[in-house]
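A short worksheet on the structure shown next.
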Amino acid sequence: MKKQFFTGAVVSGEFAVFTGLIALLHSPISQINKTGLTITTGLLILALLFTVLITVFRTFNHQENTIINLQKELSIEKNTSRKVQTQFDEAIEKRTFELQRVNGALNREIAERIQAEEEARELQKQVSLILDSAGEGILGLDNHGKVVFMNRAASLMLGWEVEELLGNTHHEFIHHTHADGTAHPVESCPIYMAYRDGLVHYKTGDIFWCKNGTSFPVEYVSTPIRDHGMLTGAVVVFRDMNTYK
């Protein structure tokens with residue numbers, strides 16, 4: 001406010017000096033002493049020059065202050081931008097570290113799962129080799145009586161390939177008829193009972209039917225399978241009694 005007042009006063013002074021100078025120059029020489037006129041004119045010119053110099057100085061000073069203020073604002077903006085950039089870099093670095101840590105944990109988990117799967121496959125292979133080396137036939141059934149596993153001995157005795165019986169009910173294919181030709185109801189089948197009542201059932205003097213329509217006398221034991229207390233199926237181990245005569 002003070003600067004604006006001062007600037008207005010200087011401009012008003014310049015205008016007054018300039019007006020006085022013009023008025024003096026247009027006055028009749030006869031009314032003013034020639035020497036006095038020269039002195040007065042010189043003083044007015046000096047006053048005009050002084051006020052002009054003051055105006056120029058004030059303008060220059062104002063521009064200089066404006067530049068200084070702009071430089072300060074620019075410096076503040078640079079500092080603010082530098083702080084924001086630093087915070088952004090720190091956030092990126094922190095996030096990158098977290099992602100690397102999570103990625104490392106995932107890689108370890110994947111490696112552990114792959115190793116566990118490989119160990120499970122190797123164990124399954126060993127179990128299959130052991131079961132295929134057994135002399136007795138072995139059938140694995142689910143709780144609906146469908147075949148989920150059959151070893152080599154069972155396949156040879158029954159004449160069925162493993163792929164042909166998998167997913168099919170054992171009773172329909174190998175235990176459907178008594179030796180006298182009468183139908184064998186599944187409800188009275190000891191194998192069926194094992195995965196229904198949860199008891200071990202042993203039977204001798206029974207028969208199994210082969211793929212080619214022939215049959216052979218068998219002795220078998222049907223053992224229920226439990227998973228966390230729930231009946232999930234049965235394992236049937238049988239032998240061809242013709243080979244033991």
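A note on labels: chains of the structure tokens are A, B, ... as shown, every chain counts residues from 1, and ligands are counted from 1 in their shown order.
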Distance query Pro224 of chain A at most 6 Å, only C-alpha atoms, self and fewer than 3 positions along chain excluded, as a PyMOL selection string: chain A and resi 194-195+198+233-234
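Comparing the minimum interatomic distances between Leu199 of chain A and each of A:Gly213, A:Tyr220, A:Ile225, A:Glu98, counting only C-alpha atoms, we find that A:Ile225 sits nearest.
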Contacts of segment 166-172 of chain A at 12 Å or less, counting only C-alpha atoms, minus same-chain residues fewer than 2 places along, as a compact mmCIF listing (two decimals) with all heavy atoms, in the first residue's frame?
# COMPACT_ATOMS: atom_id res chain seq x y z
N ILE A 138 -5.89 -107.38 -6.48
CA ILE A 138 -6.27 -106.29 -5.58
C ILE A 138 -7.13 -105.31 -6.35
O ILE A 138 -6.75 -104.83 -7.43
CB ILE A 138 -5.05 -105.58 -5.00
CG1 ILE A 138 -4.15 -106.56 -4.23
CG2 ILE A 138 -5.47 -104.43 -4.09
CD1 ILE A 138 -2.86 -105.96 -3.74
N LEU A 139 -8.29 -105.00 -5.78
CA LEU A 139 -9.19 -104.01 -6.35
C LEU A 139 -9.41 -102.89 -5.34
O LEU A 139 -9.67 -103.17 -4.16
CB LEU A 139 -10.55 -104.62 -6.72
CG LEU A 139 -10.59 -105.67 -7.84
CD1 LEU A 139 -11.99 -106.25 -7.95
CD2 LEU A 139 -10.16 -105.06 -9.16
N GLY A 140 -9.36 -101.67 -5.80
CA GLY A 140 -9.71 -100.51 -4.96
C GLY A 140 -11.04 -99.97 -5.43
O GLY A 140 -11.23 -99.72 -6.63
N LEU A 141 -12.00 -99.82 -4.51
CA LEU A 141 -13.34 -99.36 -4.84
C LEU A 141 -13.68 -98.07 -4.09
O LEU A 141 -13.20 -97.87 -2.97
CB LEU A 141 -14.38 -100.44 -4.48
CG LEU A 141 -14.11 -101.87 -4.97
CD1 LEU A 141 -15.16 -102.81 -4.41
CD2 LEU A 141 -14.07 -101.92 -6.48
N ASP A 142 -14.52 -97.23 -4.70
CA ASP A 142 -15.01 -96.06 -3.98
C ASP A 142 -16.30 -96.45 -3.24
O ASP A 142 -16.70 -97.62 -3.25
CB ASP A 142 -15.23 -94.87 -4.93
CG ASP A 142 -16.32 -95.12 -5.96
OD1 ASP A 142 -17.08 -96.10 -5.82
OD2 ASP A 142 -16.42 -94.32 -6.92
N ASN A 143 -16.95 -95.50 -2.59
CA ASN A 143 -18.13 -95.83 -1.78
C ASN A 143 -19.39 -96.06 -2.62
O ASN A 143 -20.47 -96.23 -2.08
CB ASN A 143 -18.39 -94.75 -0.74
CG ASN A 143 -18.57 -93.38 -1.36
OD1 ASN A 143 -18.52 -93.22 -2.58
ND2 ASN A 143 -18.78 -92.38 -0.51
N HIS A 144 -19.21 -96.07 -3.95
CA HIS A 144 -20.31 -96.46 -4.84
C HIS A 144 -20.02 -97.79 -5.53
O HIS A 144 -20.78 -98.20 -6.41
CB HIS A 144 -20.54 -95.38 -5.90
CG HIS A 144 -20.98 -94.06 -5.34
ND1 HIS A 144 -22.21 -93.86 -4.76
CD2 HIS A 144 -20.31 -92.88 -5.24
CE1 HIS A 144 -22.31 -92.61 -4.35
NE2 HIS A 144 -21.17 -92.00 -4.61
N GLY A 145 -18.92 -98.42 -5.12
CA GLY A 145 -18.57 -99.71 -5.70
C GLY A 145 -17.85 -99.61 -7.04
O GLY A 145 -17.63 -100.64 -7.69
N LYS A 146 -17.46 -98.40 -7.44
CA LYS A 146 -16.75 -98.26 -8.72
C LYS A 146 -15.26 -98.51 -8.54
O LYS A 146 -14.68 -98.15 -7.52
CB LYS A 146 -16.97 -96.85 -9.28
CG LYS A 146 -18.41 -96.59 -9.69
CD LYS A 146 -18.57 -95.20 -10.28
CE LYS A 146 -20.00 -94.95 -10.71
NZ LYS A 146 -20.18 -93.60 -11.30
N VAL A 147 -14.68 -99.15 -9.53
CA VAL A 147 -13.26 -99.50 -9.47
C VAL A 147 -12.41 -98.25 -9.67
O VAL A 147 -12.57 -97.52 -10.66
CB VAL A 147 -12.91 -100.55 -10.56
CG1 VAL A 147 -11.42 -100.88 -10.53
CG2 VAL A 147 -13.75 -101.81 -10.38
N VAL A 148 -11.50 -98.02 -8.74
CA VAL A 148 -10.58 -96.89 -8.85
C VAL A 148 -9.13 -97.36 -8.96
O VAL A 148 -8.25 -96.58 -9.29
CB VAL A 148 -10.73 -95.94 -7.63
CG1 VAL A 148 -12.11 -95.30 -7.63
CG2 VAL A 148 -10.48 -96.66 -6.32
N PHE A 149 -8.91 -98.66 -8.69
CA PHE A 149 -7.57 -99.22 -8.81
C PHE A 149 -7.67 -100.72 -9.05
O PHE A 149 -8.55 -101.39 -8.51
CB PHE A 149 -6.75 -98.97 -7.55
CG PHE A 149 -5.43 -99.67 -7.55
CD1 PHE A 149 -4.35 -99.16 -8.24
CD2 PHE A 149 -5.26 -100.88 -6.87
CE1 PHE A 149 -3.13 -99.83 -8.26
CE2 PHE A 149 -4.05 -101.54 -6.88
CZ PHE A 149 -2.98 -101.02 -7.57
N MET A 150 -6.75 -101.24 -9.86
CA MET A 150 -6.67 -102.70 -10.08
C MET A 150 -5.21 -103.03 -10.39
O MET A 150 -4.59 -102.41 -11.27
CB MET A 150 -7.57 -103.13 -11.25
CG MET A 150 -7.55 -104.62 -11.50
SD MET A 150 -8.83 -105.17 -12.68
CE MET A 150 -8.26 -104.39 -14.19
N ASN A 151 -4.67 -104.01 -9.67
CA ASN A 151 -3.27 -104.36 -9.91
C ASN A 151 -3.16 -105.36 -11.07
O ASN A 151 -4.15 -105.85 -11.63
CB ASN A 151 -2.61 -104.88 -8.64
CG ASN A 151 -3.10 -106.25 -8.25
OD1 ASN A 151 -4.15 -106.71 -8.70
ND2 ASN A 151 -2.35 -106.92 -7.36
N ALA A 154 -4.84 -108.91 -10.66
CA ALA A 154 -6.28 -108.89 -10.85
C ALA A 154 -6.63 -108.79 -12.34
O ALA A 154 -7.56 -109.46 -12.82
CB ALA A 154 -6.89 -107.71 -10.10
N SER A 155 -5.89 -107.98 -13.07
CA SER A 155 -6.14 -107.83 -14.51
C SER A 155 -5.92 -109.15 -15.23
O SER A 155 -6.71 -109.54 -16.11
CB SER A 155 -5.22 -106.75 -15.07
OG SER A 155 -5.36 -106.64 -16.47
N LEU A 158 -8.81 -111.70 -14.24
CA LEU A 158 -10.15 -111.35 -14.72
C LEU A 158 -10.21 -111.14 -16.22
O LEU A 158 -11.29 -111.16 -16.82
CB LEU A 158 -10.63 -110.07 -14.02
CG LEU A 158 -10.81 -110.17 -12.50
CD1 LEU A 158 -11.08 -108.79 -11.91
CD2 LEU A 158 -11.94 -111.13 -12.15
N TRP A 160 -9.58 -108.44 -17.80
CA TRP A 160 -9.91 -107.04 -18.10
C TRP A 160 -8.64 -106.16 -18.00
O TRP A 160 -7.84 -106.34 -17.09
CB TRP A 160 -10.95 -106.49 -17.14
CG TRP A 160 -12.31 -107.11 -17.23
CD1 TRP A 160 -12.79 -108.15 -16.52
CD2 TRP A 160 -13.35 -106.72 -18.11
NE1 TRP A 160 -14.07 -108.47 -16.87
CE2 TRP A 160 -14.45 -107.58 -17.86
CE3 TRP A 160 -13.51 -105.74 -19.09
CZ2 TRP A 160 -15.66 -107.49 -18.55
CZ3 TRP A 160 -14.72 -105.64 -19.76
CH2 TRP A 160 -15.77 -106.51 -19.49
N GLU A 161 -8.52 -105.23 -18.94
CA GLU A 161 -7.47 -104.23 -18.80
C GLU A 161 -7.89 -103.23 -17.72
O GLU A 161 -9.09 -103.04 -17.46
CB GLU A 161 -7.22 -103.50 -20.12
CG GLU A 161 -6.69 -104.38 -21.23
CD GLU A 161 -5.30 -104.93 -20.92
OE1 GLU A 161 -4.55 -104.26 -20.17
OE2 GLU A 161 -4.98 -106.03 -21.41
N VAL A 162 -6.92 -102.62 -17.11
CA VAL A 162 -7.21 -101.67 -16.04
C VAL A 162 -8.15 -100.57 -16.52
O VAL A 162 -9.14 -100.23 -15.86
CB VAL A 162 -5.92 -101.06 -15.48
CG1 VAL A 162 -6.23 -99.99 -14.44
CG2 VAL A 162 -5.02 -102.13 -14.89
N GLU A 163 -7.87 -100.02 -17.71
CA GLU A 163 -8.67 -98.90 -18.23
C GLU A 163 -10.12 -99.31 -18.50
O GLU A 163 -11.02 -98.46 -18.48
CB GLU A 163 -8.05 -98.36 -19.52
CG GLU A 163 -6.69 -97.71 -19.36
CD GLU A 163 -5.57 -98.72 -19.21
OE1 GLU A 163 -5.84 -99.93 -19.45
OE2 GLU A 163 -4.45 -98.33 -18.84
N GLU A 164 -10.36 -100.61 -18.74
CA GLU A 164 -11.71 -101.06 -19.04
C GLU A 164 -12.59 -101.12 -17.80
O GLU A 164 -13.82 -100.94 -17.88
CB GLU A 164 -11.66 -102.44 -19.69
CG GLU A 164 -11.01 -102.44 -21.07
CD GLU A 164 -10.89 -103.83 -21.65
OE1 GLU A 164 -10.42 -104.73 -20.94
OE2 GLU A 164 -11.29 -104.02 -22.82
N ILE A 174 -17.94 -108.36 -12.46
CA ILE A 174 -17.24 -109.58 -12.03
C ILE A 174 -17.97 -110.36 -10.93
O ILE A 174 -17.54 -111.47 -10.56
CB ILE A 174 -15.82 -109.24 -11.52
CG1 ILE A 174 -15.89 -108.40 -10.23
CG2 ILE A 174 -15.02 -108.52 -12.59
CD1 ILE A 174 -14.53 -108.15 -9.60
N HIS A 175 -19.08 -109.85 -10.41
CA HIS A 175 -19.70 -110.51 -9.26
C HIS A 175 -21.23 -110.49 -9.35
O HIS A 175 -21.92 -110.45 -8.32
CB HIS A 175 -19.23 -109.82 -7.97
CG HIS A 175 -19.23 -110.72 -6.78
ND1 HIS A 175 -19.34 -110.24 -5.49
CD2 HIS A 175 -19.12 -112.07 -6.66
CE1 HIS A 175 -19.29 -111.25 -4.64
NE2 HIS A 175 -19.17 -112.38 -5.33
N HIS A 176 -21.74 -110.57 -10.54
CA HIS A 176 -23.17 -110.37 -10.78
C HIS A 176 -24.01 -111.64 -10.66
O HIS A 176 -25.23 -111.56 -10.52
CB HIS A 176 -23.37 -109.79 -12.19
CG HIS A 176 -22.59 -110.50 -13.23
ND1 HIS A 176 -22.97 -111.71 -13.78
CD2 HIS A 176 -21.39 -110.17 -13.82
CE1 HIS A 176 -22.09 -112.08 -14.67
NE2 HIS A 176 -21.10 -111.17 -14.71
N THR A 177 -23.38 -112.84 -10.73
CA THR A 177 -24.15 -114.10 -10.79
C THR A 177 -23.51 -115.15 -9.89
O THR A 177 -22.28 -115.24 -9.79
CB THR A 177 -24.19 -114.62 -12.24
OG1 THR A 177 -24.67 -113.58 -13.10
CG2 THR A 177 -25.12 -115.84 -12.35
N HIS A 178 -24.38 -115.95 -9.25
CA HIS A 178 -23.88 -117.07 -8.45
C HIS A 178 -23.42 -118.20 -9.36
O HIS A 178 -23.65 -118.19 -10.58
CB HIS A 178 -24.99 -117.61 -7.53
CG HIS A 178 -25.33 -116.67 -6.40
ND1 HIS A 178 -24.44 -116.32 -5.43
CD2 HIS A 178 -26.49 -116.00 -6.11
CE1 HIS A 178 -25.01 -115.50 -4.57
NE2 HIS A 178 -26.27 -115.28 -4.97
N ALA A 183 -29.11 -114.81 -10.17
CA ALA A 183 -28.59 -113.46 -9.98
C ALA A 183 -28.09 -113.27 -8.56
O ALA A 183 -28.65 -113.81 -7.61
CB ALA A 183 -29.67 -112.44 -10.30
N HIS A 184 -27.04 -112.49 -8.44
CA HIS A 184 -26.44 -112.19 -7.14
C HIS A 184 -26.77 -110.73 -6.77
O HIS A 184 -26.13 -109.81 -7.28
CB HIS A 184 -24.93 -112.40 -7.20
CG HIS A 184 -24.26 -112.30 -5.87
ND1 HIS A 184 -22.90 -112.48 -5.71
CD2 HIS A 184 -24.74 -112.05 -4.62
CE1 HIS A 184 -22.59 -112.34 -4.44
NE2 HIS A 184 -23.69 -112.07 -3.77
N PRO A 185 -27.76 -110.49 -5.93
CA PRO A 185 -28.12 -109.10 -5.58
C PRO A 185 -26.95 -108.38 -4.91
O PRO A 185 -26.26 -108.95 -4.06
CB PRO A 185 -29.29 -109.28 -4.60
CG PRO A 185 -29.82 -110.64 -4.87
CD PRO A 185 -28.63 -111.47 -5.26
N VAL A 186 -26.75 -107.14 -5.31
CA VAL A 186 -25.62 -106.38 -4.78
C VAL A 186 -25.76 -106.17 -3.28
O VAL A 186 -24.76 -106.08 -2.55
CB VAL A 186 -25.49 -105.03 -5.52
CG1 VAL A 186 -26.68 -104.14 -5.25
CG2 VAL A 186 -24.20 -104.32 -5.13
N GLU A 187 -27.01 -106.10 -2.78
CA GLU A 187 -27.22 -105.85 -1.35
C GLU A 187 -26.69 -106.99 -0.49
O GLU A 187 -26.35 -106.79 0.70
CB GLU A 187 -28.71 -105.64 -1.05
CG GLU A 187 -29.30 -104.36 -1.63
CD GLU A 187 -29.61 -104.48 -3.11
OE1 GLU A 187 -29.49 -105.62 -3.64
OE2 GLU A 187 -29.95 -103.47 -3.73
N SER A 188 -26.60 -108.20 -1.02
CA SER A 188 -26.10 -109.34 -0.26
C SER A 188 -24.63 -109.62 -0.54
O SER A 188 -24.08 -110.61 -0.04
CB SER A 188 -26.94 -110.59 -0.58
OG SER A 188 -26.80 -110.94 -1.96
N CYS A 189 -24.00 -108.75 -1.32
CA CYS A 189 -22.58 -108.94 -1.67
C CYS A 189 -21.70 -108.51 -0.50
O CYS A 189 -21.80 -107.38 -0.02
CB CYS A 189 -22.26 -108.14 -2.92
SG CYS A 189 -20.51 -108.12 -3.35
N PRO A 190 -20.83 -109.41 0.00
CA PRO A 190 -19.94 -109.05 1.11
C PRO A 190 -19.01 -107.88 0.78
O PRO A 190 -18.64 -107.09 1.67
CB PRO A 190 -19.14 -110.34 1.36
CG PRO A 190 -20.02 -111.43 0.85
CD PRO A 190 -20.71 -110.84 -0.35
N ILE A 191 -18.65 -107.80 -0.50
CA ILE A 191 -17.78 -106.68 -0.91
C ILE A 191 -18.53 -105.37 -0.74
O ILE A 191 -18.01 -104.37 -0.22
CB ILE A 191 -17.31 -106.86 -2.37
CG1 ILE A 191 -16.46 -108.13 -2.49
CG2 ILE A 191 -16.51 -105.64 -2.83
CD1 ILE A 191 -16.07 -108.48 -3.90
N TYR A 192 -19.77 -105.34 -1.19
CA TYR A 192 -20.64 -104.16 -1.07
C TYR A 192 -20.83 -103.80 0.41
O TYR A 192 -20.79 -102.61 0.78
CB TYR A 192 -21.98 -104.45 -1.74
CG TYR A 192 -23.07 -103.46 -1.45
CD1 TYR A 192 -23.21 -102.30 -2.21
CD2 TYR A 192 -23.99 -103.69 -0.42
CE1 TYR A 192 -24.23 -101.40 -1.94
CE2 TYR A 192 -25.01 -102.79 -0.15
CZ TYR A 192 -25.13 -101.64 -0.91
OH TYR A 192 -26.14 -100.75 -0.64
N MET A 193 -21.02 -104.81 1.25
CA MET A 193 -21.27 -104.57 2.66
C MET A 193 -20.10 -103.86 3.34
O MET A 193 -20.29 -103.06 4.26
CB MET A 193 -21.56 -105.89 3.37
CG MET A 193 -22.85 -106.55 2.94
SD MET A 193 -23.09 -108.13 3.82
CE MET A 193 -24.62 -108.69 3.07
N ILE A 207 -17.43 -117.03 -6.50
CA ILE A 207 -16.83 -116.99 -7.83
C ILE A 207 -16.77 -115.55 -8.33
O ILE A 207 -17.60 -114.72 -7.96
CB ILE A 207 -17.60 -117.86 -8.85
CG1 ILE A 207 -19.03 -117.33 -9.05
CG2 ILE A 207 -17.60 -119.32 -8.44
CD1 ILE A 207 -19.75 -117.97 -10.22
N PHE A 208 -15.78 -115.29 -9.19
CA PHE A 208 -15.69 -114.04 -9.95
C PHE A 208 -15.80 -114.39 -11.43
O PHE A 208 -15.35 -115.46 -11.87
CB PHE A 208 -14.35 -113.33 -9.69
CG PHE A 208 -14.32 -112.54 -8.42
CD1 PHE A 208 -13.13 -111.95 -8.00
CD2 PHE A 208 -15.45 -112.35 -7.64
CE1 PHE A 208 -13.07 -111.21 -6.83
CE2 PHE A 208 -15.40 -111.61 -6.46
CZ PHE A 208 -14.21 -111.04 -6.06
N TRP A 209 -16.37 -113.48 -12.20
CA TRP A 209 -16.55 -113.70 -13.63
C TRP A 209 -15.50 -112.95 -14.43
O TRP A 209 -15.13 -111.82 -14.11
CB TRP A 209 -17.95 -113.26 -14.05
CG TRP A 209 -19.02 -114.11 -13.46
CD1 TRP A 209 -19.66 -113.96 -12.28
CD2 TRP A 209 -19.55 -115.30 -14.04
NE1 TRP A 209 -20.56 -114.96 -12.06
CE2 TRP A 209 -20.52 -115.81 -13.14
CE3 TRP A 209 -19.31 -116.01 -15.23
CZ2 TRP A 209 -21.24 -116.99 -13.38
CZ3 TRP A 209 -20.03 -117.17 -15.48
CH2 TRP A 209 -20.98 -117.65 -14.56
N CYS A 210 -15.02 -113.59 -15.48
CA CYS A 210 -14.00 -113.00 -16.35
C CYS A 210 -14.64 -112.29 -17.54
O CYS A 210 -15.83 -112.43 -17.82
CB CYS A 210 -13.05 -114.09 -16.86
SG CYS A 210 -12.23 -115.02 -15.54
N LYS A 211 -13.82 -111.59 -18.26
CA LYS A 211 -14.28 -110.86 -19.42
C LYS A 211 -14.82 -111.78 -20.51
O LYS A 211 -15.79 -111.44 -21.19
CB LYS A 211 -13.13 -110.00 -19.98
CG LYS A 211 -13.51 -109.16 -21.20
CD LYS A 211 -12.32 -108.35 -21.68
CE LYS A 211 -12.70 -107.51 -22.91
NZ LYS A 211 -11.56 -106.70 -23.40
N GLY A 233 -14.76 -96.17 0.75
CA GLY A 233 -14.62 -97.26 -0.21
C GLY A 233 -14.14 -98.53 0.46
O GLY A 233 -14.29 -98.72 1.68
N ALA A 234 -13.56 -99.41 -0.34
CA ALA A 234 -13.07 -100.69 0.19
C ALA A 234 -11.92 -101.20 -0.67
O ALA A 234 -11.80 -100.84 -1.85
CB ALA A 234 -14.20 -101.72 0.24
N VAL A 235 -11.10 -102.04 -0.07
CA VAL A 235 -10.04 -102.74 -0.79
C VAL A 235 -10.36 -104.23 -0.77
O VAL A 235 -10.62 -104.80 0.29
CB VAL A 235 -8.65 -102.50 -0.14
CG1 VAL A 235 -7.59 -103.34 -0.84
CG2 VAL A 235 -8.29 -101.03 -0.21
N VAL A 236 -10.36 -104.83 -1.96
CA VAL A 236 -10.67 -106.25 -2.09
C VAL A 236 -9.40 -106.98 -2.51
O VAL A 236 -8.81 -106.68 -3.55
CB VAL A 236 -11.78 -106.49 -3.13
CG1 VAL A 236 -12.11 -107.98 -3.20
CG2 VAL A 236 -13.01 -105.67 -2.79
Extract, using only C-alpha atoms, all DNA, RNA and protein residues at most 8 Å from Ser133 of chain A, discarding same-chain residues fewer than 4 positions from it, and format them as a compact mmCIF listing (two decimals) with all heavy atoms, in the first residue's frame.
# COMPACT_ATOMS: atom_id res chain seq x y z
N LEU A 129 4.19 -100.34 -7.95
CA LEU A 129 5.12 -101.44 -8.23
C LEU A 129 4.94 -102.58 -7.21
O LEU A 129 4.96 -103.76 -7.57
CB LEU A 129 6.56 -100.92 -8.20
CG LEU A 129 6.99 -100.02 -9.37
CD1 LEU A 129 8.38 -99.48 -9.12
CD2 LEU A 129 6.93 -100.80 -10.68
N ARG A 152 -1.94 -105.68 -11.42
CA ARG A 152 -1.68 -106.52 -12.58
C ARG A 152 -2.24 -107.93 -12.40
O ARG A 152 -2.81 -108.52 -13.33
CB ARG A 152 -0.17 -106.59 -12.85
CG ARG A 152 0.19 -107.32 -14.15
CD ARG A 152 1.69 -107.37 -14.32
NE ARG A 152 2.25 -106.01 -14.34
CZ ARG A 152 2.28 -105.23 -15.42
NH1 ARG A 152 1.76 -105.68 -16.56
NH2 ARG A 152 2.80 -104.04 -15.37
N ALA A 153 -2.10 -108.47 -11.18
CA ALA A 153 -2.59 -109.84 -10.94
C ALA A 153 -4.10 -109.91 -11.15
O ALA A 153 -4.63 -110.87 -11.75
CB ALA A 153 -2.23 -110.29 -9.53
Would you mind writing down, as a PyMOL selection string, each residue of segment 130-164 of chain A that DSSP on the backbone assigns to strand (DSSP E)? chain A and resi 137-142+147-150
Tell me, which residues of segment 42-237 of chain A carry DSSP helix (DSSP H, G or I), written as a PyMOL selection string? chain A and resi 42-133+152-158+162-165+170-174+186-188+190-197
How would the residues just picked look written out with C-alpha atoms as a short mmCIF file (atom, residue, chain, number, x, y, z; two decimals), in the first residue's frame?
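Contents of again.cif, freshly written:
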data_model
loop_
_atom_site.label_atom_id
_atom_site.label_comp_id
_atom_site.auth_asym_id
_atom_site.auth_seq_id
_atom_site.Cartn_x
_atom_site.Cartn_y
_atom_site.Cartn_z
CA GLY A 42 16.59 24.78 -15.44
CA LEU A 43 15.18 24.00 -12.04
CA LEU A 44 12.01 22.55 -13.55
CA ILE A 45 14.05 20.44 -15.94
CA LEU A 46 16.21 19.21 -13.07
CA ALA A 47 13.11 18.46 -11.02
CA LEU A 48 11.63 16.61 -13.98
CA LEU A 49 14.83 14.61 -14.48
CA PHE A 50 14.94 13.83 -10.75
CA THR A 51 11.40 12.57 -10.68
CA VAL A 52 12.03 10.53 -13.83
CA LEU A 53 15.14 9.00 -12.24
CA ILE A 54 13.17 8.21 -9.10
CA THR A 55 10.47 6.58 -11.21
CA VAL A 56 13.03 4.54 -13.15
CA PHE A 57 14.76 3.52 -9.92
CA ARG A 58 11.49 2.53 -8.29
CA THR A 59 10.46 0.55 -11.36
CA PHE A 60 13.81 -1.21 -11.51
CA ASN A 61 13.69 -1.92 -7.77
CA HIS A 62 10.16 -3.30 -8.11
CA GLN A 63 11.22 -5.57 -10.97
CA GLU A 64 14.24 -6.72 -9.00
CA ASN A 65 12.02 -7.55 -6.01
CA THR A 66 9.63 -9.37 -8.31
CA ILE A 67 12.50 -11.44 -9.72
CA ILE A 68 13.76 -12.22 -6.21
CA ASN A 69 10.30 -13.30 -5.12
CA LEU A 70 9.92 -15.46 -8.22
CA GLN A 71 13.31 -17.02 -7.51
CA LYS A 72 12.23 -17.76 -3.94
CA GLU A 73 8.98 -19.31 -5.13
CA LEU A 74 10.89 -21.34 -7.71
CA SER A 75 13.31 -22.51 -5.01
CA ILE A 76 10.38 -23.52 -2.79
CA GLU A 77 8.77 -25.36 -5.70
CA LYS A 78 12.06 -27.16 -6.41
CA ASN A 79 12.40 -28.18 -2.76
CA THR A 80 8.80 -29.37 -2.66
CA SER A 81 9.27 -31.28 -5.92
CA ARG A 82 12.50 -32.80 -4.56
CA LYS A 83 10.73 -33.92 -1.38
CA VAL A 84 7.84 -35.41 -3.36
CA GLN A 85 10.29 -37.21 -5.65
CA THR A 86 12.19 -38.53 -2.64
CA GLN A 87 8.98 -39.77 -1.03
CA PHE A 88 7.92 -41.34 -4.33
CA ASP A 89 11.30 -43.07 -4.72
CA GLU A 90 11.11 -44.35 -1.15
CA ALA A 91 7.58 -45.66 -1.71
CA ILE A 92 8.66 -47.38 -4.95
CA GLU A 93 11.68 -48.91 -3.21
CA LYS A 94 9.54 -50.12 -0.29
CA ARG A 95 6.91 -51.57 -2.63
CA THR A 96 9.60 -53.23 -4.74
CA PHE A 97 11.10 -54.82 -1.63
CA GLU A 98 7.68 -56.08 -0.52
CA LEU A 99 6.99 -57.53 -3.97
CA GLN A 100 10.40 -59.21 -4.02
CA ARG A 101 9.72 -60.69 -0.58
CA VAL A 102 6.28 -61.95 -1.63
CA ASN A 103 7.71 -63.27 -4.89
CA GLY A 104 10.43 -65.08 -2.98
CA ALA A 105 7.85 -66.65 -0.68
CA LEU A 106 5.73 -67.72 -3.66
CA ASN A 107 8.76 -69.21 -5.39
CA ARG A 108 9.61 -71.18 -2.25
CA GLU A 109 6.01 -72.38 -1.94
CA ILE A 110 5.92 -73.40 -5.61
CA ALA A 111 9.23 -75.22 -5.23
CA GLU A 112 7.96 -77.00 -2.12
CA ARG A 113 4.75 -78.00 -3.89
CA ILE A 114 6.64 -79.28 -6.91
CA GLN A 115 8.91 -81.27 -4.63
CA ALA A 116 5.91 -82.62 -2.69
CA GLU A 117 4.16 -83.60 -5.94
CA GLU A 118 7.29 -85.31 -7.18
CA GLU A 119 7.62 -87.18 -3.90
CA ALA A 120 3.92 -88.12 -4.06
CA ARG A 121 4.32 -89.38 -7.63
CA GLU A 122 7.40 -91.33 -6.65
CA LEU A 123 5.58 -92.81 -3.67
CA GLN A 124 2.60 -93.68 -5.85
CA LYS A 125 4.95 -95.32 -8.33
CA GLN A 126 6.55 -97.38 -5.57
CA VAL A 127 3.14 -98.41 -4.21
CA SER A 128 1.99 -99.38 -7.71
CA LEU A 129 5.12 -101.44 -8.23
CA ILE A 130 4.57 -103.21 -4.91
CA LEU A 131 0.89 -103.87 -5.63
CA ASP A 132 1.64 -105.07 -9.16
CA SER A 133 4.24 -107.45 -7.72
CA ARG A 152 -1.68 -106.52 -12.58
CA ALA A 153 -2.59 -109.84 -10.94
CA ALA A 154 -6.28 -108.89 -10.85
CA SER A 155 -6.14 -107.83 -14.51
CA LEU A 156 -4.57 -111.17 -15.51
CA MET A 157 -7.07 -113.26 -13.54
CA LEU A 158 -10.15 -111.35 -14.72
CA VAL A 162 -7.21 -101.67 -16.04
CA GLU A 163 -8.67 -98.90 -18.23
CA GLU A 164 -11.71 -101.06 -19.04
CA LEU A 165 -12.79 -101.48 -15.42
CA HIS A 170 -17.21 -104.22 -9.75
CA HIS A 171 -20.45 -106.09 -9.06
CA GLU A 172 -21.86 -105.51 -12.54
CA PHE A 173 -18.73 -106.84 -14.25
CA ILE A 174 -17.24 -109.58 -12.03
CA VAL A 186 -25.62 -106.38 -4.78
CA GLU A 187 -27.22 -105.85 -1.35
CA SER A 188 -26.10 -109.34 -0.26
CA PRO A 190 -19.94 -109.05 1.11
CA ILE A 191 -17.78 -106.68 -0.91
CA TYR A 192 -20.64 -104.16 -1.07
CA MET A 193 -21.27 -104.57 2.66
CA ALA A 194 -17.70 -103.56 3.54
CA TYR A 195 -18.09 -100.01 2.25
CA ARG A 196 -21.61 -99.80 3.70
CA ASP A 197 -21.34 -101.18 7.24
#
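Going from atom CA of Val221 of chain A over to atom CA of Thr243 of chain A, you cover 17.4 Å.
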